[in-house]
file entry_34.pdb (PDB, C-alpha atoms)
ATOM      1  CA  MET W 254      81.334 114.356  93.375
ATOM      2  CA  ARG W 255      83.957 116.210  91.500
ATOM      3  CA  GLY W 256      87.622 115.331  91.780
ATOM      4  CA  ALA W 257      90.333 117.483  93.269
ATOM      5  CA  LEU W 258      91.168 119.767  90.374
ATOM      6  CA  ASP W 259      92.424 123.045  91.793
ATOM      7  CA  PRO W 260      96.050 124.192  91.433
ATOM      8  CA  LEU W 261      98.453 122.608  93.896
ATOM      9  CA  SER W 262      99.593 124.482  96.960
ATOM     10  CA  LEU W 263     103.261 124.269  97.977
ATOM     11  CA  TRP W 264     102.333 121.718 100.655
ATOM     12  CA  GLU W 265     100.482 119.583  98.112
ATOM     13  CA  ARG W 266     103.330 119.799  95.558
ATOM     14  CA  GLU W 267     105.806 118.603  98.193
ATOM     15  CA  GLY W 268     103.585 115.638  99.066
ATOM     16  CA  ALA W 269     103.142 114.767  95.388
ATOM     17  CA  ALA W 270     106.913 114.973  94.852
ATOM     18  CA  LYS W 271     107.517 112.578  97.757
ATOM     19  CA  ARG W 272     105.027 110.103  96.284
ATOM     20  CA  ARG W 273     106.762 110.303  92.873
ATOM     21  CA  GLU W 274     110.129 109.718  94.541
ATOM     22  CA  GLY W 275     108.804 106.634  96.283
ATOM     23  CA  GLU W 276     108.697 108.040  99.804
ATOM     24  CA  GLY W 277     105.656 106.722 101.589
ATOM     25  CA  ASP W 278     102.873 104.594 100.134
ATOM     26  CA  GLY W 279     101.098 107.215  98.037
ATOM     27  CA  VAL W 280      99.073 108.838 100.811
ATOM     28  CA  ASN W 281      99.786 110.221 104.248
ATOM     29  CA  SER W 282      99.219 107.868 107.135
ATOM     30  CA  PRO W 283      96.044 108.430 109.153
ATOM     31  CA  SER W 284      96.178 109.290 112.831
ATOM     32  CA  PRO W 285      96.243 106.367 115.301
ATOM     33  CA  ARG W 286      92.514 106.864 116.031
ATOM     34  CA  ALA W 287      91.669 106.873 112.328
ATOM     35  CA  ALA W 288      93.953 103.885 111.689
ATOM     36  CA  ALA W 289      92.016 101.873 114.270
ATOM     37  CA  GLN W 290      88.764 102.866 112.583
ATOM     38  CA  LEU W 291      90.163 101.816 109.199
ATOM     39  CA  ALA W 292      90.994  98.290 110.358
ATOM     40  CA  PRO W 293      89.574  95.563 108.094
ATOM     41  CA  LEU W 294      85.882  94.834 108.421
ATOM     42  CA  PRO W 295      84.657  91.403 109.401
ATOM     43  CA  LYS W 296      84.096  88.908 106.584
ATOM     44  CA  GLY W 297      80.621  88.998 105.087
ATOM     45  CA  GLU W 298      80.479  92.825 105.070
ATOM     46  CA  GLY W 299      79.845  92.913 101.322
ATOM     47  CA  LYS W 300      81.950  92.554  98.215
ATOM     48  CA  ILE W 301      83.707  95.906  98.624
ATOM     49  CA  THR W 302      87.293  96.037  99.852
ATOM     50  CA  ILE W 303      89.002  99.368 100.545
ATOM     51  CA  ILE W 304      92.754  99.657 100.009
ATOM     52  CA  PRO W 305      95.207 102.572  99.729
ATOM     53  CA  ALA W 306      94.900 104.229  96.312
ATOM     54  CA  ARG W 307      97.627 103.544  93.763
ATOM     55  CA  HIS W 308      98.431 104.979  90.342
ATOM     56  CA  THR W 309      97.725 101.547  88.853
ATOM     57  CA  HIS W 310      94.060 101.921  89.842
ATOM     58  CA  ILE W 311      93.513 105.015  87.683
ATOM     59  CA  ALA W 312      93.191 103.399  84.235
ATOM     60  CA  PRO W 313      90.654 100.701  85.193
ATOM     61  CA  ILE W 314      88.467 103.194  87.056
ATOM     62  CA  ALA W 315      88.693 105.825  84.299
ATOM     63  CA  THR W 316      87.732 103.269  81.651
ATOM     64  CA  ARG W 317      84.519 102.326  83.493
ATOM     65  CA  MET W 318      83.727 105.698  85.115
ATOM     66  CA  ARG W 319      80.023 106.323  85.383
ATOM     67  CA  SER W 320      78.454 108.951  83.156
ATOM     68  CA  ALA W 321      77.551 111.368  85.986
ATOM     69  CA  ASP W 322      81.156 111.447  87.190
ATOM     70  CA  ARG W 323      82.467 111.928  83.621
ATOM     71  CA  ILE W 324      80.153 114.910  83.186
ATOM     72  CA  GLU W 325      81.527 116.480  86.377
ATOM     73  CA  CYS W 326      85.126 115.883  85.229
ATOM     74  CA  THR W 327      84.430 117.406  81.823
ATOM     75  CA  ALA W 328      82.776 120.460  83.391
ATOM     76  CA  MET W 329      85.962 121.001  85.404
ATOM     77  CA  GLY W 330      88.060 120.742  82.230
ATOM     78  CA  HIS W 331      89.512 117.269  82.763
ATOM     79  CA  THR W 332      89.229 113.787  81.374
ATOM     80  CA  ALA W 333      88.422 110.953  83.755
ATOM     81  CA  ARG W 334      92.113 109.971  83.929
ATOM     82  CA  GLN W 335      93.270 113.537  84.535
ATOM     83  CA  ALA W 336      90.763 113.997  87.351
ATOM     84  CA  LEU W 337      91.807 110.749  89.060
ATOM     85  CA  ARG W 338      95.493 111.616  88.698
ATOM     86  CA  ALA W 339      94.912 115.076  90.161
ATOM     87  CA  GLY W 340      92.868 113.629  93.007
ATOM     88  CA  LEU W 341      95.541 111.083  93.915
ATOM     89  CA  ALA W 342      98.422 113.555  93.516
ATOM     90  CA  THR W 343      96.873 116.221  95.755
ATOM     91  CA  SER W 344      95.205 114.072  98.411
ATOM     92  CA  SER W 345      96.535 113.677 101.915
ATOM     93  CA  LEU W 346      94.342 110.562 102.200
ATOM     94  CA  ALA W 347      93.221 108.447  99.227
ATOM     95  CA  TRP W 348      91.679 105.007  98.870
ATOM     96  CA  THR W 349      90.451 102.688  96.155
ATOM     97  CA  ALA W 350      87.260 100.663  96.452
ATOM     98  CA  LEU W 351      87.567  97.191  94.950
ATOM     99  CA  VAL W 352      84.423  95.303  94.006
ATOM    100  CA  ASP W 353      85.171  91.594  93.690
ATOM    101  CA  GLY W 354      88.877  92.498  93.488
ATOM    102  CA  ARG W 355      88.438  95.028  90.660
ATOM    103  CA  ALA W 356      89.197  98.767  91.118
ATOM    104  CA  GLU W 357      85.840 100.534  90.762
ATOM    105  CA  ALA W 358      86.181 103.852  92.641
ATOM    106  CA  MET W 359      88.792 106.157  94.105
ATOM    107  CA  PHE W 360      88.126 108.661  96.851
ATOM    108  CA  GLY W 361      90.086 110.857  99.177
ATOM    109  CA  LEU W 362      90.674 114.168 100.884
ATOM    110  CA  VAL W 363      92.553 117.231  99.691
ATOM    111  CA  VAL W 364      93.426 119.514 102.623
ATOM    112  CA  THR W 365      92.759 122.961 101.174
ATOM    113  CA  SER W 366      93.643 124.920 104.326
ATOM    114  CA  ALA W 367      95.564 123.239 107.122
ATOM    115  CA  LEU W 368      95.371 126.381 109.274
ATOM    116  CA  GLY W 369      91.681 126.940 108.569
ATOM    117  CA  GLY W 370      90.789 123.249 108.938
ATOM    118  CA  GLU W 371      89.237 123.002 105.467
ATOM    119  CA  GLY W 372      89.263 119.915 103.273
ATOM    120  CA  ARG W 373      87.784 118.785  99.971
ATOM    121  CA  PRO W 374      86.496 115.186  99.930
ATOM    122  CA  TRP W 375      86.082 113.615  96.519
ATOM    123  CA  MET W 376      85.018 110.352  94.911
ATOM    124  CA  LEU W 377      84.994 109.188  91.298
ATOM    125  CA  GLY W 378      84.016 105.721  90.170
ATOM    126  CA  SER W 379      82.000 103.258  88.147
ATOM    127  CA  ASP W 380      78.379 102.187  88.476
ATOM    128  CA  ALA W 381      79.556  98.977  90.206
ATOM    129  CA  ILE W 382      80.280 100.860  93.424
ATOM    130  CA  TYR W 383      76.653 101.961  93.720
ATOM    131  CA  ALA W 384      75.461  98.361  93.431
ATOM    132  CA  HIS W 385      76.507  97.870  97.090
ATOM    133  CA  PRO W 386      74.867 100.746  98.998
ATOM    134  CA  ARG W 387      74.747  98.961 102.367
ATOM    135  CA  ALA W 388      78.458  98.154 102.288
ATOM    136  CA  MET W 389      79.233 101.750 101.350
ATOM    137  CA  LEU W 390      77.090 103.090 104.188
ATOM    138  CA  ARG W 391      78.741 100.756 106.717
ATOM    139  CA  ARG W 392      82.229 101.795 105.669
ATOM    140  CA  ALA W 393      81.631 105.552 105.462
ATOM    141  CA  PRO W 394      82.022 106.391 109.191
ATOM    142  CA  ARG W 395      85.561 104.958 109.202
ATOM    143  CA  PHE W 396      86.725 107.101 106.289
ATOM    144  CA  LEU W 397      84.855 110.220 107.350
ATOM    145  CA  ALA W 398      86.523 109.922 110.785
ATOM    146  CA  ALA W 399      89.929 109.770 109.099
ATOM    147  CA  MET W 400      89.044 112.860 107.051
ATOM    148  CA  PHE W 401      87.788 114.745 110.094
ATOM    149  CA  ASP W 402      91.036 113.898 111.880
ATOM    150  CA  ALA W 403      92.764 115.946 109.168
ATOM    151  CA  THR W 404      90.263 118.835 108.869
ATOM    152  CA  ALA W 405      87.324 120.174 110.828
ATOM    153  CA  ARG W 406      85.221 121.064 107.779
ATOM    154  CA  LEU W 407      84.643 119.107 104.576
ATOM    155  CA  SER W 408      83.112 120.655 101.461
ATOM    156  CA  ASN W 409      83.051 120.215  97.696
ATOM    157  CA  LEU W 410      80.712 120.445  94.713
ATOM    158  CA  VAL W 411      78.419 117.809  93.242
ATOM    159  CA  ALA W 412      76.481 118.112  89.968
ATOM    160  CA  ALA W 413      72.841 118.893  90.698
ATOM    161  CA  ASP W 414      71.814 116.020  88.393
ATOM    162  CA  ASN W 415      74.063 113.484  90.142
ATOM    163  CA  VAL W 416      71.139 112.059  92.103
ATOM    164  CA  ARG W 417      72.878 108.896  93.329
ATOM    165  CA  ALA W 418      75.845 110.819  94.716
ATOM    166  CA  ILE W 419      73.575 113.386  96.389
ATOM    167  CA  ARG W 420      71.525 110.622  98.013
ATOM    168  CA  LEU W 421      74.706 108.936  99.274
ATOM    169  CA  LEU W 422      76.173 112.217 100.564
ATOM    170  CA  ARG W 423      72.993 112.880 102.553
ATOM    171  CA  ARG W 424      73.109 109.378 104.041
ATOM    172  CA  TRP W 425      76.734 110.046 105.040
ATOM    173  CA  GLY W 426      75.612 113.187 106.930
ATOM    174  CA  PHE W 427      76.488 115.944 104.458
ATOM    175  CA  THR W 428      74.276 118.977 103.951
ATOM    176  CA  ILE W 429      73.537 119.745 100.292
ATOM    177  CA  ASP W 430      72.891 123.421  99.559
ATOM    178  CA  THR W 431      69.864 124.250  97.428
ATOM    179  CA  GLU W 432      71.583 127.055  95.518
ATOM    180  CA  THR W 433      73.346 126.049  92.344
ATOM    181  CA  MET W 434      76.327 127.484  90.513
ATOM    182  CA  MET W 435      76.977 126.954  86.834
ATOM    183  CA  ILE W 436      80.313 125.563  85.665
ATOM    184  CA  ALA W 437      80.595 124.874  81.916
ATOM    185  CA  ASN W 438      76.785 124.800  81.603
ATOM    186  CA  ILE W 439      76.459 122.192  84.375
ATOM    187  CA  ALA W 440      74.648 123.096  87.599
ATOM    188  CA  PHE W 441      76.604 122.224  90.760
ATOM    189  CA  ARG W 442      75.565 122.288  94.417
ATOM    190  CA  LEU W 443      77.833 122.699  97.429
ATOM    191  CA  PHE W 444      77.894 119.871  99.975
ATOM    192  CA  HIS W 445      79.490 120.230 103.386
ATOM    193  CA  ALA W 446      79.835 118.774 106.882
ATOM    194  CA  GLU W 447      81.665 119.734 110.057
ATOM    195  CA  ARG W 448      83.424 117.634 112.665
ATOM    196  CA  ARG W 449      81.067 116.747 115.516
TER
END

call {"tool": "encode", "arguments": {"input": "entry_34.pdb", "output": "structure tokens"}}
result
Amino acid sequence: MRGALDPLSLWEREGAAKRREGEGDGVNSPSPRAAAQLAPLPKGEGKITIIPARHTHIAPIATRMRSADRIECTAMGHTARQALRAGLATSSLAWTALVDGRAEAMFGLVVTSALGGEGRPWMLGSDAIYAHPRAMLRRAPRFLAAMFDATARLSNLVAADNVRAIRLLRRWGFTIDTETMMIANIAFRLFHAERR
């Protein structure tokens, strides 16, 4: 899934400025309902731990970013580091997935239209994150609920060749359009879901 790479709205710039100035913890706090859903999972739920995303997670993830995610970043005109920075800076919610204590993926939500209830979910990471599909599937409802608390509709683009991401998106309940659009000679497909 591509990162959040569009120009910043005024609302997003203000949030990014607050994070740079040290106000808050880097992301907006989820609603009380979402916070309850994001409570720690019982022990034995896999080797993946989800924590709030931090700038210090960018370099390790960018260094090990999987090829399919790098291709998407490049098509959007960014390096892996630039895409992760943009994603973290513009997200109202952002998390890092640790595998055995090591930052392996970052994901979040950019609210593209607060009035229209539109948001752009994104995830960029290493191959290590896909080595734990059951843990990822178990955790997804918690984070999707937090995203749907912020927006009624989620949509973004995924490279048509990014088979693992497409499979995961379908398992998480997203619809993947069959039509493709070309960006820098890479075919992308729209994925989307609405609050139920």

call {"tool": "atom_distance", "arguments": {"input": "entry_34.pdb", "atom1": "CA of Arg448 in chain W", "atom2": "CA of Gly370 in chain W"}}
result
10.0 Å

call {"tool": "residues_around", "arguments": {"input": "entry_34.pdb", "residues": "Ile439 in chain W", "least_positions_apart": "2", "cutoff": "12 Å", "atoms": "only C-alpha atoms", "output": "JSON, numbers by chain"}}
result
{"W": [255, 321, 323, 324, 325, 326, 327, 328, 329, 330, 410, 411, 412, 413, 414, 415, 433, 434, 435, 436, 437, 441, 442]}

call {"tool": "closest_residue", "arguments": {"input": "entry_34.pdb", "among": "W:Gly361, W:Ala405, W:His308, W:Leu390", "to": "Gln335 in chain W", "atoms": "only C-alpha atoms"}}
result
W:His308

call {"tool": "atom_distance", "arguments": {"input": "entry_34.pdb", "atom1": "CA of His385 in chain W", "atom2": "CA of Val352 in chain W"}}
result
8.9 Å

call {"tool": "closest_residue", "arguments": {"input": "entry_34.pdb", "among": "W:Phe427, W:Phe360, W:Tyr383, W:Phe396", "to": "Ala339 in chain W", "atoms": "only C-alpha atoms"}}
result
W:Phe360

call {"tool": "atom_distance", "arguments": {"input": "entry_34.pdb", "atom1": "CA of Pro394 in chain W", "atom2": "CA of Pro313 in chain W"}}
result
26.1 Å

call {"tool": "axis_aligned_box", "arguments": {"input": "entry_34.pdb", "around": "range 394-411 of chain W", "padding_each_side": "8 Å", "output": "AutoDock Vina command-line options"}}
result
--center_x 85.6 --center_y 113.0 --center_z 102.6 --size_x 30.3 --size_y 32.1 --size_z 34.6

call {"tool": "residues_near_point", "arguments": {"input": "entry_34.pdb", "point": "(85.1, 106.3, 97.0)", "cutoff": "6 Å", "atoms": "only C-alpha atoms", "output": "list in words"}}
result
Ala358, Met359, Phe360 and Met376 of chain W

call {"tool": "resolve_selection", "arguments": {"input": "entry_34.pdb", "expression": "the PyMOL selection byres ((chain W and resi 301) around 9)", "output": "PyMOL selection string"}}
result
chain W and resi 298-300+302-303+350-354+382+385+388-389

call {"tool": "resolve_selection", "arguments": {"input": "entry_34.pdb", "expression": "the PyMOL selection byres ((chain W and resi 311) around 9)", "output": "list in words"}}
result
Ala306, Arg307, His308, Thr309, His310, Ala312, Pro313, Ile314, Ala315, Thr316, Ala333, Arg334, Leu337, Arg338, Leu341, Ala356, Ala358 and Met359 of chain W

call {"tool": "resolve_selection", "arguments": {"input": "entry_34.pdb", "expression": "the PyMOL selection byres ((chain W and resi 445) around 6)", "output": "ChimeraX atom specification"}}
result
/W:407-408,427-428,444,446

call {"tool": "build_atoms", "arguments": {"input": "entry_34.pdb", "residues": "range 411-422 of chain W", "atoms": "all heavy atoms", "output": "PDB file, in the coordinates of the input"}}
result
ATOM      1  N   VAL W 411      78.979 118.981  93.893  1.00  0.00           N
ATOM      2  CA  VAL W 411      78.419 117.809  93.242  1.00  0.00           C
ATOM      3  C   VAL W 411      77.447 118.333  92.187  1.00  0.00           C
ATOM      4  O   VAL W 411      76.740 119.323  92.414  1.00  0.00           O
ATOM      5  CB  VAL W 411      77.713 116.871  94.250  1.00  0.00           C
ATOM      6  CG1 VAL W 411      76.558 117.547  94.962  1.00  0.00           C
ATOM      7  CG2 VAL W 411      77.264 115.574  93.587  1.00  0.00           C
ATOM      8  N   ALA W 412      77.417 117.702  91.007  1.00  0.00           N
ATOM      9  CA  ALA W 412      76.481 118.112  89.968  1.00  0.00           C
ATOM     10  C   ALA W 412      75.059 117.933  90.474  1.00  0.00           C
ATOM     11  O   ALA W 412      74.731 116.924  91.099  1.00  0.00           O
ATOM     12  CB  ALA W 412      76.710 117.308  88.695  1.00  0.00           C
ATOM     13  N   ALA W 413      74.228 118.921  90.216  1.00  0.00           N
ATOM     14  CA  ALA W 413      72.841 118.893  90.698  1.00  0.00           C
ATOM     15  C   ALA W 413      72.079 117.694  90.148  1.00  0.00           C
ATOM     16  O   ALA W 413      71.134 117.216  90.785  1.00  0.00           O
ATOM     17  CB  ALA W 413      72.141 120.197  90.331  1.00  0.00           C
ATOM     18  N   ASP W 414      72.472 117.182  88.991  1.00  0.00           N
ATOM     19  CA  ASP W 414      71.814 116.020  88.393  1.00  0.00           C
ATOM     20  C   ASP W 414      72.390 114.686  88.865  1.00  0.00           C
ATOM     21  O   ASP W 414      71.899 113.637  88.478  1.00  0.00           O
ATOM     22  CB  ASP W 414      71.927 116.089  86.864  1.00  0.00           C
ATOM     23  CG  ASP W 414      71.121 117.227  86.278  1.00  0.00           C
ATOM     24  OD1 ASP W 414      70.191 117.717  86.946  1.00  0.00           O
ATOM     25  OD2 ASP W 414      71.427 117.627  85.133  1.00  0.00           O
ATOM     26  N   ASN W 415      73.413 114.705  89.672  1.00  0.00           N
ATOM     27  CA  ASN W 415      74.063 113.484  90.142  1.00  0.00           C
ATOM     28  C   ASN W 415      73.285 112.948  91.347  1.00  0.00           C
ATOM     29  O   ASN W 415      73.742 112.978  92.488  1.00  0.00           O
ATOM     30  CB  ASN W 415      75.532 113.772  90.491  1.00  0.00           C
ATOM     31  CG  ASN W 415      76.365 112.520  90.605  1.00  0.00           C
ATOM     32  OD1 ASN W 415      75.836 111.413  90.760  1.00  0.00           O
ATOM     33  ND2 ASN W 415      77.679 112.693  90.560  1.00  0.00           N
ATOM     34  N   VAL W 416      72.101 112.448  91.066  1.00  0.00           N
ATOM     35  CA  VAL W 416      71.139 112.059  92.103  1.00  0.00           C
ATOM     36  C   VAL W 416      71.689 110.980  93.034  1.00  0.00           C
ATOM     37  O   VAL W 416      71.521 111.061  94.252  1.00  0.00           O
ATOM     38  CB  VAL W 416      69.817 111.591  91.446  1.00  0.00           C
ATOM     39  CG1 VAL W 416      68.820 111.113  92.491  1.00  0.00           C
ATOM     40  CG2 VAL W 416      69.223 112.710  90.615  1.00  0.00           C
ATOM     41  N   ARG W 417      72.364 109.977  92.487  1.00  0.00           N
ATOM     42  CA  ARG W 417      72.878 108.896  93.329  1.00  0.00           C
ATOM     43  C   ARG W 417      73.930 109.408  94.307  1.00  0.00           C
ATOM     44  O   ARG W 417      73.944 109.023  95.477  1.00  0.00           O
ATOM     45  CB  ARG W 417      73.461 107.788  92.468  1.00  0.00           C
ATOM     46  CG  ARG W 417      72.403 107.026  91.703  1.00  0.00           C
ATOM     47  CD  ARG W 417      73.023 106.019  90.793  1.00  0.00           C
ATOM     48  NE  ARG W 417      72.863 104.697  91.374  1.00  0.00           N
ATOM     49  CZ  ARG W 417      73.298 103.598  90.794  1.00  0.00           C
ATOM     50  NH1 ARG W 417      73.950 103.654  89.654  1.00  0.00           N
ATOM     51  NH2 ARG W 417      73.105 102.436  91.369  1.00  0.00           N
ATOM     52  N   ALA W 418      74.810 110.270  93.828  1.00  0.00           N
ATOM     53  CA  ALA W 418      75.845 110.819  94.716  1.00  0.00           C
ATOM     54  C   ALA W 418      75.222 111.704  95.782  1.00  0.00           C
ATOM     55  O   ALA W 418      75.616 111.644  96.952  1.00  0.00           O
ATOM     56  CB  ALA W 418      76.878 111.606  93.907  1.00  0.00           C
ATOM     57  N   ILE W 419      74.238 112.507  95.417  1.00  0.00           N
ATOM     58  CA  ILE W 419      73.575 113.386  96.389  1.00  0.00           C
ATOM     59  C   ILE W 419      72.879 112.554  97.457  1.00  0.00           C
ATOM     60  O   ILE W 419      72.973 112.854  98.655  1.00  0.00           O
ATOM     61  CB  ILE W 419      72.604 114.351  95.680  1.00  0.00           C
ATOM     62  CG1 ILE W 419      73.406 115.381  94.878  1.00  0.00           C
ATOM     63  CG2 ILE W 419      71.671 115.029  96.678  1.00  0.00           C
ATOM     64  CD1 ILE W 419      72.570 116.270  93.972  1.00  0.00           C
ATOM     65  N   ARG W 420      72.203 111.498  97.046  1.00  0.00           N
ATOM     66  CA  ARG W 420      71.525 110.622  98.013  1.00  0.00           C
ATOM     67  C   ARG W 420      72.542 110.011  98.979  1.00  0.00           C
ATOM     68  O   ARG W 420      72.333 109.978 100.197  1.00  0.00           O
ATOM     69  CB  ARG W 420      70.770 109.518  97.277  1.00  0.00           C
ATOM     70  CG  ARG W 420      69.953 108.630  98.201  1.00  0.00           C
ATOM     71  CD  ARG W 420      69.200 107.532  97.457  1.00  0.00           C
ATOM     72  NE  ARG W 420      68.574 108.002  96.245  1.00  0.00           N
ATOM     73  CZ  ARG W 420      68.692 107.394  95.044  1.00  0.00           C
ATOM     74  NH1 ARG W 420      69.406 106.302  94.914  1.00  0.00           N
ATOM     75  NH2 ARG W 420      68.089 107.886  93.994  1.00  0.00           N
ATOM     76  N   LEU W 421      73.666 109.543  98.441  1.00  0.00           N
ATOM     77  CA  LEU W 421      74.706 108.936  99.274  1.00  0.00           C
ATOM     78  C   LEU W 421      75.326 109.968 100.219  1.00  0.00           C
ATOM     79  O   LEU W 421      75.536 109.691 101.405  1.00  0.00           O
ATOM     80  CB  LEU W 421      75.776 108.315  98.379  1.00  0.00           C
ATOM     81  CG  LEU W 421      76.796 107.426  99.059  1.00  0.00           C
ATOM     82  CD1 LEU W 421      76.123 106.244  99.760  1.00  0.00           C
ATOM     83  CD2 LEU W 421      77.804 106.928  98.037  1.00  0.00           C
ATOM     84  N   LEU W 422      75.605 111.157  99.719  1.00  0.00           N
ATOM     85  CA  LEU W 422      76.173 112.217 100.564  1.00  0.00           C
ATOM     86  C   LEU W 422      75.246 112.544 101.732  1.00  0.00           C
ATOM     87  O   LEU W 422      75.701 112.731 102.861  1.00  0.00           O
ATOM     88  CB  LEU W 422      76.440 113.478  99.729  1.00  0.00           C
ATOM     89  CG  LEU W 422      77.640 113.383  98.784  1.00  0.00           C
ATOM     90  CD1 LEU W 422      77.574 114.500  97.747  1.00  0.00           C
ATOM     91  CD2 LEU W 422      78.943 113.439  99.569  1.00  0.00           C
TER      92      LEU W 422
END
